[in-house]
Structures are given as C-alpha cells and as structure tokens.
Amino acid sequence: MSAQDTRRRIPRTDHLLALPAALRAEQSLGGQRVREVVRGVQERARRGEIPPEAVVEEVTAALAASRPASMRPVLNATGVIVHTNLGRAPLSPAARRAVADAAGYADVEFDLAAGVRSRRGAGARAALLRSCPAVLPSGEELDALVVNNGAAALLLAATALAGDGEVILSRGEMIEIGAGFRLPDLIASAGARIREVGATNRTHLADYRAAITERTGALLSIHPSNYRITGFTASVPHAELAELAHAHALPLIADLGSGLLAPEPSLPQEPDARTALEAGADLVITSGDKLLGGPQAGILLGRAGVIDALARHPLARAVRADKLALAALEATLVGPVPPVLSSLRAEASQLRRRTEQLAARIDGSGVPARVVPHDGRVGGGGGAEVPLPGWAVAVPGSLAAPLRRGAPAVVGTLREGSCLLDLRCVPPAQEDVLLAAVLAAADGTSA
Ligand SMILES: *Cc1c(COP(=O)(O)O)cnc(C)c1O
C-alpha cells in the first residue's frame with residue numbers, strides 16, 4: 001500500500017475532535033490542548049509510527065495522560081533534597097490541600113464573621129510567630145512579614161532600611177546564589193551601595209567598625225549558603241555585629257537563606273532565625289522553599305518597628321506574597337513534618353533497607369540492579385558540603401533517558417555508566433511507581 005493510501009485512512013481532525021474522550025477532555029484541558037494532542041497523534045500516523053487503525057485508540061490514551069500545563073511531576077531520585085531545577089521543596093499533603101482551598105475565592109483579606117476587610121496573610125504570620133518564639137534582647141515585640149521570595153525580602157530590607165545609603169558587608173559573604181544572580185548586585189539595583197569590608201577568608205569586628213560613617217544605613221550578614229570557606233578563616237558572630245550596629249543606632253540584617261526557624265539537630269552548622277534574633281539581629285531573612293520545606297516565599301522576622309516600616313514601604317506591594325503561597329506556608333508550619341525534613345532526617349539504616357528491597361525487586365524482574373553507596377545533599381539552601389550518607393540502586397545508564405521521559409518522569413544521577421536512583425527524596429509510598437517506571441524504561445529500550 002502506498003504512503004498516500006495510508007495517509008488517506010488516518011481519521012480526520014473533526015472526527016477525532018468529536019470523540020467522547022475529546023469532548024470530555026475539552027472540559028478539563030481546554031480545546032487548544034486537545035487539538036495539539038490530536039494533531040500530534042495524526043502526525044505520528046503520517047510518519048508511519050502507528051497504523052491509521054490505531055489513531056482513535058492513541059488519541060484516547062494520549063488525552064487521558066495529558067495534563068493542563070506543560071510542567072510535569074518528577075520523582076526526584078537524585079538524593080539532592082532542595083533541587084532548584086526540580087522545584088525546590090515538595091509541598092506536604094497538608095500544604096497541597098491548603099493550596100487547593102485557596103485556589104478559588106477565599107477569605108484572603110476578608111473577615112467572614114464581621115464582614116469587613118482583614119489583614120492579608122494573618123494566618124501565615126501567626127504560624128511563623130508560633131514557630132519562631134524568639135525573645136528579642138531589646139525587649140521589643142517580634143513580628144513577621146511574608147513576601148514573594150528571599151531575594152525580594154533582601155531587596156525590601158535594604159531599600160527600606162538603607163535607602164541610598166551604604167550597607168556594610170564582608171567580602172567573604174559577597175555570594176552568587178545561582179544562574180548568575182549575585183546578592184550584592186541585587187542590593188545595588190535598589191539604590192543602596194555595598195561597602196565591602198575585610199578579606200575573602202577573614203573579616204573582623206574592627207573592619208566593620210572602621211567602615212561605619214554617617215552614610216551607613218545598615219550592617220548586613222549573609223550566610224554563605226552554597227559554599228564553605230575553610231582553613232585560615234574568621235567571621236564576626238551576630239551578637240558582636242548587633243552590639244556594634246546598635247552602638248551606632250544602625251540595624252543588623254541577617255540573611256540566613258536556608259529557612260530554618262529553629263536549630264535543626266541534623267544540620268548543627270546551619271544558622272536559624274530564632275538564634276540570630278536572640279543574638280540581636282534586628283531583621284532575619286529566610287526562604288520558604290528551602291529547608292523550611294514550604295512554598296516559594298521570603299520570610300522576614302524581626303523587631304515589630306522594623307517589620308512595620310518594611311510593610312509600609314511602597315516596594316512591599318511589588319513583592320507581595322501570592323495567596324497560594326500564604327496558604328501553603330501556614331499549612332507547612334502548622335502541619336505534619338514536610339517532605340524536605342523527612343528526607344533530611346532519613347535514617348541511613350532505613351534508607352539501606354529500602355534500597356536493598358527495591359534493588360532486589362528490580363533485579364528479580366530481569367533488569368540488572370545493585371546497591372551502591374551514594375551520598376545525598378541538602379542542595380540549594382544550606383548545608384553546603386555536608387554529605388548525607390546513603391545508598392542508591394544502580395541500574396544500566398541506558399535507562400536514564402527513558403526514565404526522564406516517562407510518566408512520572410524519574411531523574412537520577414549518571415555515574416560511571418550507571419544510572420543511580422537514590423531513595424532519600426522518594427517517599428516510600430512512591431516506590432511501586434518507581435519500580436514500574438524502571439521496568440517500563442527497560443521495556444522501551446529493549447523493544
Ligand atoms: C537562596 C538564598 C537567597 C535567595 O532566596 P530565594 O528565596 O531563592 O529568592 C538569598 N540569600 C541567601 C543566603 C540564600 O541562600
């Protein structure tokens with residue numbers, strides 16, 4: 001049969017769009033998406049990849065597997081907990097439910113009992129204050145503000161507190177947070193000037209003291225969250241910086257990055273908001289979607305007077321937190337342990353048992369698999385250079401690409417010709433899904 005004959009037998013677009021499955025999908029996915037799927041299947045039939053008789057069945061299957069947006073869920077088998085390329089923190093079931101509740105009309109800024117306008121983000125603010133019960137040395141009350149992300153929080157703090165004055169920052173803390181974004185540039189873009197002090201490896205209190213002039217607007221401490229300086233080093237603790245700042249009636253801003261509100265025993269080196277505030281920082285900045293394990297958000301905790309000044313600054317409106325983020329943040333704080341912390345605290349012995357069981361199931365199904373040592377990582381947001389000892393299932397490297405293209409997509413690590421699947425960030429309830437994905441990927445490569 002000629003190629004032309006085959007083409008003629010491919011069902012027409014109007015016929016396919018009238019299929020019950022297509023009409024149903026139009027309600028859930030929208031007409032544009034349905035037409036894309038239909039055209040894609042017709043194209044495959046024209047290329048001879050599927051016979052014309054299979055087009056209706058393929059369209060039905062493709063529509064059933066389609067999602068309303070292009071972003072697809074991923075099983076993170078890299079062992080990197082806060083993986084920026086994979087969306088940083090996965091939300092807890094409680095946070096997902098809160099997002100769904102807030103997705104429609106919701107009482108975001110409305111007091112339903114009294115029928116009047118209310119304060120936006122009041123629930124998230126209360127949850128933050130409960131999760132970080134810091135007692136400020138100044139005796140002032142603690143308050144909190146949530147903005148779009150950590151970078152926005154830093155921008156707002158520098159702009160509102162330093163204006164076009166100088167912000168004093170150690171040369172060892174002039175960090176780039178990723179994809180070419182440098183925090184000093186961010187601050188400078190708002191009009192404040194960075195006054196660098198000290199050396200890359202060592203900065204002393206005297207360096208800060210010598211740099212203070214009438215142009216100084218604030219002292220800034222930034223946690224080097226993604227690298228570590230070791231060897232002959234020195235930095236100034238928050239308590240000493242705070243004392244110096246306050247002696248000159250200046251605020252100390254501490255950008256911690258990671259999002260820990262209280263000390264985390266599994267990461268003893270990581271700074272936390274409560275400790276920094278109790279050491280005298282006037283304002284602490286952290287991210288919502290790093291070790292806190294919640295949605296993208298910038299969290300500002302500090303003296304009530306300082307938070308009030310930030311909330312009233314015009315820029316606050318430009319960096320306002322989304323209602324979905326506010327809902328997810330509150331649910332993360334008051335709800336069950338979020339996935340990020342479960343992954344961080346995963347016991348090595350339990351990880352080993354899970355890894356051995358999965359490897360045996362994969363191997364027993366005819367796909368070569370063995371257990372190898374593999375360190376996890378905290379990833380973007382803290383614990384730089386801290387290895388998290390664990391294990392991985394090593395399967396043939398040829399499975400890496402089909403695993404990434406599967407549904408759900410599975411992302412592992414390629415090492416010495418093997419694809420390593422680390423279970424640290426894979427919830428136990430997803431192990432069957434991971435097994436099925438590996439077998440499907442192996443099926444596809446052998447076919
Ligand atoms: C990650 C990070 C930021 C930026 O926070 P985002 O929430 O990613 O905008 C700022 N400062 C430090 C120290 C960080 O680690």
# chains A, B, ... in the order shown; residues from 1 in each chain; ligands from 1
call {"tool": "closest_atom_pairs", "arguments": {"of": "chain A", "to": "ligand 1", "cutoff": "8 Å", "atoms": "only C-alpha atoms and all ligand atoms", "output": "CSV"}}
result
residue,atom,partner,partner_atom_place_in_ligand_line,distance
A:Asn148,CA,ligand 1,9 (O),7.9
A:Asn149,CA,ligand 1,7 (O),4.1
A:Gly150,CA,ligand 1,5 (O),3.4
A:Ala151,CA,ligand 1,9 (O),3.7
A:Ala152,CA,ligand 1,9 (O),6.4
A:Ala153,CA,ligand 1,9 (O),7.8
A:Leu154,CA,ligand 1,10 (C),7.0
A:Ile175,CA,ligand 1,13 (C),7.7
A:Ile177,CA,ligand 1,2 (C),5.9
A:Leu183,CA,ligand 1,10 (C),6.9
A:Ile222,CA,ligand 1,13 (C),5.4
A:His223,CA,ligand 1,13 (C),4.8
A:Pro224,CA,ligand 1,13 (C),5.8
A:Ser225,CA,ligand 1,15 (O),4.7
A:Asn226,CA,ligand 1,15 (O),6.7
A:Asp255,CA,ligand 1,13 (C),5.4
A:Leu256,CA,ligand 1,13 (C),5.1
A:Gly257,CA,ligand 1,15 (O),3.5
A:Ser258,CA,ligand 1,15 (O),5.7
A:Ile285,CA,ligand 1,11 (N),7.7
A:Thr286,CA,ligand 1,5 (O),7.0
A:Ser287,CA,ligand 1,7 (O),4.3
A:Gly288,CA,ligand 1,7 (O),6.6
A:Asp289,CA,ligand 1,7 (O),6.8
A:Lys290,CA,ligand 1,1 (C),7.5
A:Gln296,CA,ligand 1,7 (O),6.3
A:Ala297,CA,ligand 1,7 (O),6.0
A:Gly298,CA,ligand 1,7 (O),5.7
A:Gly380,CA,ligand 1,1 (C),6.8
A:Gly381,CA,ligand 1,15 (O),4.9
A:Gly382,CA,ligand 1,15 (O),6.7
call {"tool": "write_last_selection", "arguments": {"atoms": "N, CA and C atoms", "output": "PDB file, in the first residue's frame"}}
result
ATOM      1  N   ASN A 148       7.437  37.707  48.290  1.00  0.00           N
ATOM      2  CA  ASN A 148       7.491  36.757  47.183  1.00  0.00           C
ATOM      3  C   ASN A 148       8.612  35.706  47.267  1.00  0.00           C
ATOM      4  N   ASN A 149       9.810  36.108  47.618  1.00  0.00           N
ATOM      5  CA  ASN A 149      10.904  35.140  47.796  1.00  0.00           C
ATOM      6  C   ASN A 149      12.019  35.770  48.609  1.00  0.00           C
ATOM      7  N   GLY A 150      13.078  35.007  48.857  1.00  0.00           N
ATOM      8  CA  GLY A 150      14.169  35.500  49.689  1.00  0.00           C
ATOM      9  C   GLY A 150      14.849  36.711  49.086  1.00  0.00           C
ATOM     10  N   ALA A 151      15.030  36.692  47.769  1.00  0.00           N
ATOM     11  CA  ALA A 151      15.679  37.817  47.102  1.00  0.00           C
ATOM     12  C   ALA A 151      14.842  39.087  47.269  1.00  0.00           C
ATOM     13  N   ALA A 152      13.529  38.956  47.170  1.00  0.00           N
ATOM     14  CA  ALA A 152      12.638  40.101  47.340  1.00  0.00           C
ATOM     15  C   ALA A 152      12.701  40.625  48.776  1.00  0.00           C
ATOM     16  N   ALA A 153      12.843  39.706  49.722  1.00  0.00           N
ATOM     17  CA  ALA A 153      12.933  40.106  51.129  1.00  0.00           C
ATOM     18  C   ALA A 153      14.195  40.935  51.358  1.00  0.00           C
ATOM     19  N   LEU A 154      15.297  40.507  50.748  1.00  0.00           N
ATOM     20  CA  LEU A 154      16.568  41.230  50.894  1.00  0.00           C
ATOM     21  C   LEU A 154      16.469  42.606  50.220  1.00  0.00           C
ATOM     22  N   ILE A 175      27.952  36.770  47.868  1.00  0.00           N
ATOM     23  CA  ILE A 175      27.683  35.488  47.206  1.00  0.00           C
ATOM     24  C   ILE A 175      26.813  35.600  45.956  1.00  0.00           C
ATOM     25  N   ILE A 177      23.923  33.430  44.139  1.00  0.00           N
ATOM     26  CA  ILE A 177      23.031  32.374  44.605  1.00  0.00           C
ATOM     27  C   ILE A 177      22.651  31.392  43.511  1.00  0.00           C
ATOM     28  N   LEU A 183      23.939  38.541  45.097  1.00  0.00           N
ATOM     29  CA  LEU A 183      23.198  39.332  46.078  1.00  0.00           C
ATOM     30  C   LEU A 183      23.676  40.788  46.149  1.00  0.00           C
ATOM     31  N   ILE A 222      25.345  37.892  55.526  1.00  0.00           N
ATOM     32  CA  ILE A 222      24.732  36.926  54.594  1.00  0.00           C
ATOM     33  C   ILE A 222      25.356  35.555  54.840  1.00  0.00           C
ATOM     34  N   HIS A 223      24.519  34.556  55.050  1.00  0.00           N
ATOM     35  CA  HIS A 223      25.025  33.201  55.247  1.00  0.00           C
ATOM     36  C   HIS A 223      25.492  32.643  53.903  1.00  0.00           C
ATOM     37  N   PRO A 224      26.765  32.248  53.790  1.00  0.00           N
ATOM     38  CA  PRO A 224      27.227  31.647  52.540  1.00  0.00           C
ATOM     39  C   PRO A 224      26.603  30.265  52.403  1.00  0.00           C
ATOM     40  N   SER A 225      25.394  30.228  51.879  1.00  0.00           N
ATOM     41  CA  SER A 225      24.601  29.003  51.960  1.00  0.00           C
ATOM     42  C   SER A 225      25.034  27.943  50.966  1.00  0.00           C
ATOM     43  N   ASN A 226      25.808  28.326  49.917  1.00  0.00           N
ATOM     44  CA  ASN A 226      26.117  27.332  48.888  1.00  0.00           C
ATOM     45  C   ASN A 226      27.608  27.052  48.730  1.00  0.00           C
ATOM     46  N   ASP A 255      20.740  37.727  56.602  1.00  0.00           N
ATOM     47  CA  ASP A 255      20.133  36.893  55.558  1.00  0.00           C
ATOM     48  C   ASP A 255      20.652  35.471  55.752  1.00  0.00           C
ATOM     49  N   LEU A 256      19.767  34.575  56.209  1.00  0.00           N
ATOM     50  CA  LEU A 256      20.182  33.202  56.535  1.00  0.00           C
ATOM     51  C   LEU A 256      19.974  32.238  55.371  1.00  0.00           C
ATOM     52  N   GLY A 257      19.141  32.615  54.417  1.00  0.00           N
ATOM     53  CA  GLY A 257      18.931  31.761  53.241  1.00  0.00           C
ATOM     54  C   GLY A 257      18.122  30.502  53.508  1.00  0.00           C
ATOM     55  N   SER A 258      18.640  29.641  54.351  1.00  0.00           N
ATOM     56  CA  SER A 258      18.142  28.265  54.422  1.00  0.00           C
ATOM     57  C   SER A 258      16.684  28.101  54.849  1.00  0.00           C
ATOM     58  N   ILE A 285      16.190  37.189  57.457  1.00  0.00           N
ATOM     59  CA  ILE A 285      15.572  36.846  56.171  1.00  0.00           C
ATOM     60  C   ILE A 285      15.827  35.370  55.873  1.00  0.00           C
ATOM     61  N   THR A 286      14.778  34.648  55.485  1.00  0.00           N
ATOM     62  CA  THR A 286      14.950  33.259  55.052  1.00  0.00           C
ATOM     63  C   THR A 286      13.993  32.974  53.892  1.00  0.00           C
ATOM     64  N   SER A 287      14.249  31.852  53.201  1.00  0.00           N
ATOM     65  CA  SER A 287      13.377  31.437  52.089  1.00  0.00           C
ATOM     66  C   SER A 287      12.340  30.443  52.591  1.00  0.00           C
ATOM     67  N   GLY A 288      11.204  30.390  51.912  1.00  0.00           N
ATOM     68  CA  GLY A 288      10.145  29.457  52.294  1.00  0.00           C
ATOM     69  C   GLY A 288      10.335  28.069  51.706  1.00  0.00           C
ATOM     70  N   ASP A 289      11.051  27.982  50.562  1.00  0.00           N
ATOM     71  CA  ASP A 289      11.084  26.703  49.840  1.00  0.00           C
ATOM     72  C   ASP A 289      12.447  26.021  49.891  1.00  0.00           C
ATOM     73  N   LYS A 290      13.229  26.349  50.908  1.00  0.00           N
ATOM     74  CA  LYS A 290      14.488  25.629  51.111  1.00  0.00           C
ATOM     75  C   LYS A 290      14.258  24.661  52.284  1.00  0.00           C
ATOM     76  N   GLN A 296       7.486  28.753  47.597  1.00  0.00           N
ATOM     77  CA  GLN A 296       8.374  29.893  47.367  1.00  0.00           C
ATOM     78  C   GLN A 296       7.862  31.073  48.177  1.00  0.00           C
ATOM     79  N   ALA A 297       8.724  31.633  49.014  1.00  0.00           N
ATOM     80  CA  ALA A 297       8.346  32.786  49.830  1.00  0.00           C
ATOM     81  C   ALA A 297       9.601  33.373  50.442  1.00  0.00           C
ATOM     82  N   GLY A 298       9.531  34.656  50.754  1.00  0.00           N
ATOM     83  CA  GLY A 298      10.607  35.303  51.506  1.00  0.00           C
ATOM     84  C   GLY A 298      10.050  35.649  52.866  1.00  0.00           C
ATOM     85  N   GLY A 380      20.487  23.384  47.151  1.00  0.00           N
ATOM     86  CA  GLY A 380      20.415  24.841  47.223  1.00  0.00           C
ATOM     87  C   GLY A 380      19.702  25.251  48.486  1.00  0.00           C
ATOM     88  N   GLY A 381      20.363  25.956  49.351  1.00  0.00           N
ATOM     89  CA  GLY A 381      19.632  26.460  50.505  1.00  0.00           C
ATOM     90  C   GLY A 381      20.290  26.177  51.816  1.00  0.00           C
ATOM     91  N   GLY A 382      21.373  25.442  51.824  1.00  0.00           N
ATOM     92  CA  GLY A 382      22.046  25.226  53.089  1.00  0.00           C
ATOM     93  C   GLY A 382      22.860  23.962  53.087  1.00  0.00           C
TER      94      GLY A 382
END
call {"tool": "select_by_dssp", "arguments": {"residues": "segment 71-267 of chain A", "states": "strand (DSSP E or B)", "output": "NGL selection string"}}
result
:A and (74-76 or 80-83 or 88 or 110-111 or 116-117 or 142-147 or 166-170 or 176-178 or 181-182 or 193-197 or 202 or 216-222 or 234 or 252-257)
call {"tool": "closest_residue", "arguments": {"among": "A:Arg47, A:Arg39, A:Arg72, A:Arg317", "to": "Ala409 of chain A", "atoms": "only C-alpha atoms"}}
result
A:Arg72
call {"tool": "select_by_dssp", "arguments": {"residues": "segment 183-219 of chain A", "states": "alpha helix (DSSP H)", "output": "ChimeraX atom specification"}}
result
/A:183-189,205-211
call {"tool": "residues_around", "arguments": {"residues": "Val411 of chain A", "least_positions_apart": "5", "cutoff": "7 Å", "atoms": "only C-alpha atoms", "output": "ChimeraX atom specification"}}
result
/A:75-78,403-404
call {"tool": "atom_distance", "arguments": {"atom1": "atom CA of Gly444 of chain A", "atom2": "atom CA of Thr355 of chain A"}}
result
23.6 Å
call {"tool": "residues_around", "arguments": {"residues": "Ile307 of chain A", "least_positions_apart": "2", "cutoff": "9 Å", "atoms": "only C-alpha atoms", "output": "PyMOL selection string"}}
result
chain A and resi 142-145+283+300-305+309-312
call {"tool": "write_last_selection", "arguments": {"atoms": "all heavy atoms", "output": "short mmCIF file (atom, residue, chain, number, x, y, z; two decimals), in the first residue's frame"}}
result
data_model
loop_
_atom_site.label_atom_id
_atom_site.label_comp_id
_atom_site.auth_asym_id
_atom_site.auth_seq_id
_atom_site.Cartn_x
_atom_site.Cartn_y
_atom_site.Cartn_z
N LEU A 142 8.24 40.73 68.61
CA LEU A 142 8.67 40.14 67.33
C LEU A 142 7.49 40.23 66.36
O LEU A 142 6.34 40.07 66.76
CB LEU A 142 9.05 38.68 67.57
CG LEU A 142 9.54 37.89 66.35
CD1 LEU A 142 10.89 38.40 65.88
CD2 LEU A 142 9.64 36.41 66.69
N ASP A 143 7.79 40.49 65.09
CA ASP A 143 6.73 40.46 64.08
C ASP A 143 7.28 39.79 62.82
O ASP A 143 8.49 39.54 62.71
CB ASP A 143 6.23 41.88 63.77
CG ASP A 143 4.80 41.86 63.22
OD1 ASP A 143 4.30 40.75 62.87
OD2 ASP A 143 4.18 42.92 63.14
N ALA A 144 6.38 39.47 61.90
CA ALA A 144 6.79 38.75 60.69
C ALA A 144 6.08 39.31 59.47
O ALA A 144 4.95 39.83 59.57
CB ALA A 144 6.46 37.26 60.84
N LEU A 145 6.74 39.20 58.32
CA LEU A 145 6.16 39.62 57.05
C LEU A 145 6.58 38.60 56.00
O LEU A 145 7.72 38.15 56.00
CB LEU A 145 6.70 41.02 56.67
CG LEU A 145 6.25 41.61 55.35
CD1 LEU A 145 4.75 41.96 55.40
CD2 LEU A 145 7.05 42.89 55.02
N LEU A 283 16.59 42.11 62.05
CA LEU A 283 15.77 41.56 60.98
C LEU A 283 16.46 40.31 60.44
O LEU A 283 17.65 40.34 60.17
CB LEU A 283 15.63 42.60 59.86
CG LEU A 283 14.68 42.26 58.73
CD1 LEU A 283 13.25 42.19 59.23
CD2 LEU A 283 14.80 43.30 57.62
N LEU A 300 10.42 37.41 56.50
CA LEU A 300 11.12 38.43 57.27
C LEU A 300 10.62 38.35 58.70
O LEU A 300 9.42 38.44 58.96
CB LEU A 300 10.83 39.82 56.70
CG LEU A 300 11.36 40.06 55.27
CD1 LEU A 300 10.38 40.86 54.44
CD2 LEU A 300 12.71 40.76 55.33
N LEU A 301 11.54 38.16 59.63
CA LEU A 301 11.19 38.13 61.06
C LEU A 301 12.05 39.17 61.74
O LEU A 301 13.26 39.25 61.46
CB LEU A 301 11.49 36.75 61.65
CG LEU A 301 10.51 35.63 61.34
CD1 LEU A 301 11.21 34.28 61.40
CD2 LEU A 301 9.33 35.64 62.32
N GLY A 302 11.46 39.97 62.61
CA GLY A 302 12.29 40.97 63.28
C GLY A 302 11.52 41.84 64.22
O GLY A 302 10.34 41.58 64.51
N ARG A 303 12.21 42.90 64.70
CA ARG A 303 11.58 43.83 65.63
C ARG A 303 10.33 44.40 65.00
O ARG A 303 10.31 44.75 63.81
CB ARG A 303 12.56 44.95 65.95
CG ARG A 303 13.65 44.54 66.94
CD ARG A 303 14.72 45.60 67.03
NE ARG A 303 14.16 46.93 66.94
CZ ARG A 303 14.74 47.97 66.37
NH1 ARG A 303 15.94 47.84 65.85
NH2 ARG A 303 14.14 49.13 66.35
N ALA A 304 9.27 44.51 65.79
CA ALA A 304 7.97 44.95 65.27
C ALA A 304 8.09 46.29 64.53
O ALA A 304 7.50 46.47 63.47
CB ALA A 304 6.96 45.04 66.40
N GLY A 305 8.89 47.20 65.06
CA GLY A 305 9.05 48.52 64.43
C GLY A 305 9.67 48.41 63.05
O GLY A 305 9.27 49.12 62.12
N ALA A 309 7.91 49.16 59.31
CA ALA A 309 8.49 50.07 58.30
C ALA A 309 8.56 49.36 56.95
O ALA A 309 8.28 49.97 55.91
CB ALA A 309 9.88 50.52 58.75
N LEU A 310 8.92 48.08 56.96
CA LEU A 310 9.01 47.32 55.71
C LEU A 310 7.62 47.15 55.08
O LEU A 310 7.46 47.32 53.87
CB LEU A 310 9.62 45.95 55.98
CG LEU A 310 11.12 45.80 55.73
CD1 LEU A 310 11.92 46.84 56.50
CD2 LEU A 310 11.58 44.40 56.09
N ALA A 311 6.65 46.82 55.89
CA ALA A 311 5.30 46.56 55.38
C ALA A 311 4.69 47.82 54.77
O ALA A 311 3.87 47.74 53.85
CB ALA A 311 4.42 46.03 56.50
N ARG A 312 5.09 49.00 55.26
CA ARG A 312 4.54 50.26 54.76
C ARG A 312 5.30 50.79 53.55
O ARG A 312 4.84 51.74 52.90
CB ARG A 312 4.58 51.33 55.85
CG ARG A 312 3.61 51.09 56.96
CD ARG A 312 3.86 52.06 58.11
NE ARG A 312 3.07 51.69 59.27
CZ ARG A 312 1.80 52.00 59.40
NH1 ARG A 312 1.17 52.68 58.46
NH2 ARG A 312 1.12 51.61 60.46
#
call {"tool": "closest_residue", "arguments": {"among": "A:Ser118, A:Thr275, A:Ser131, A:Ser221", "to": "Ala158 of chain A", "atoms": "only C-alpha atoms"}}
result
A:Ser221
call {"tool": "closest_residue", "arguments": {"among": "A:Val284, A:Leu128, A:Val371, A:Met71", "to": "Pro408 of chain A", "atoms": "only C-alpha atoms"}}
result
A:Met71
call {"tool": "atom_distance", "arguments": {"atom1": "atom CA of Leu388 of chain A", "atom2": "atom CA of Glu173 of chain A"}}
result
24.8 Å
call {"tool": "closest_residue", "arguments": {"among": "A:Leu351, A:Ala394, A:Ala218, A:Ala45", "to": "Gly163 of chain A", "atoms": "only C-alpha atoms"}}
result
A:Ala218
call {"tool": "residues_around", "arguments": {"residues": "segment 7-16 of chain A", "least_positions_apart": "3", "cutoff": "10 Å", "atoms": "only C-alpha atoms", "output": "number ranges by chain"}}
result
A: 2-4, 19-23, 34-35, 38-39, 41-43, 45-48, 51-56, 59-60
call {"tool": "residues_around", "arguments": {"residues": "Ala239 of chain A", "least_positions_apart": "5", "cutoff": "8 Å", "atoms": "only C-alpha atoms", "output": "ChimeraX atom specification"}}
result
/A:276,279-281
call {"tool": "write_last_selection", "arguments": {"atoms": "all heavy atoms", "output": "JSON list (two decimals), in the first residue's frame"}}
result
[["chain", "number", "residue", "atom", "x", "y", "z"],
["A", 276, "ALA", "N", 19.54, 33.74, 65.63],
["A", 276, "ALA", "CA", 20.03, 35.02, 65.12],
["A", 276, "ALA", "C", 19.28, 36.19, 65.76],
["A", 276, "ALA", "O", 19.87, 37.21, 66.11],
["A", 276, "ALA", "CB", 19.88, 35.07, 63.60],
["A", 279, "ALA", "N", 20.34, 36.67, 69.26],
["A", 279, "ALA", "CA", 21.68, 37.24, 69.34],
["A", 279, "ALA", "C", 21.66, 38.74, 69.07],
["A", 279, "ALA", "O", 22.68, 39.40, 69.18],
["A", 279, "ALA", "CB", 22.60, 36.54, 68.35],
["A", 280, "GLY", "N", 20.50, 39.27, 68.65],
["A", 280, "GLY", "CA", 20.40, 40.72, 68.48],
["A", 280, "GLY", "C", 20.15, 41.21, 67.08],
["A", 280, "GLY", "O", 20.06, 42.41, 66.85],
["A", 281, "ALA", "N", 20.02, 40.29, 66.08],
["A", 281, "ALA", "CA", 19.71, 40.75, 64.73],
["A", 281, "ALA", "C", 18.35, 41.47, 64.77],
["A", 281, "ALA", "O", 17.42, 41.00, 65.42],
["A", 281, "ALA", "CB", 19.66, 39.58, 63.76]]
call {"tool": "closest_residue", "arguments": {"among": "A:Arg405, A:His238, A:Arg182, A:Arg352", "to": "Trp391 of chain A", "atoms": "only C-alpha atoms"}}
result
A:Arg352
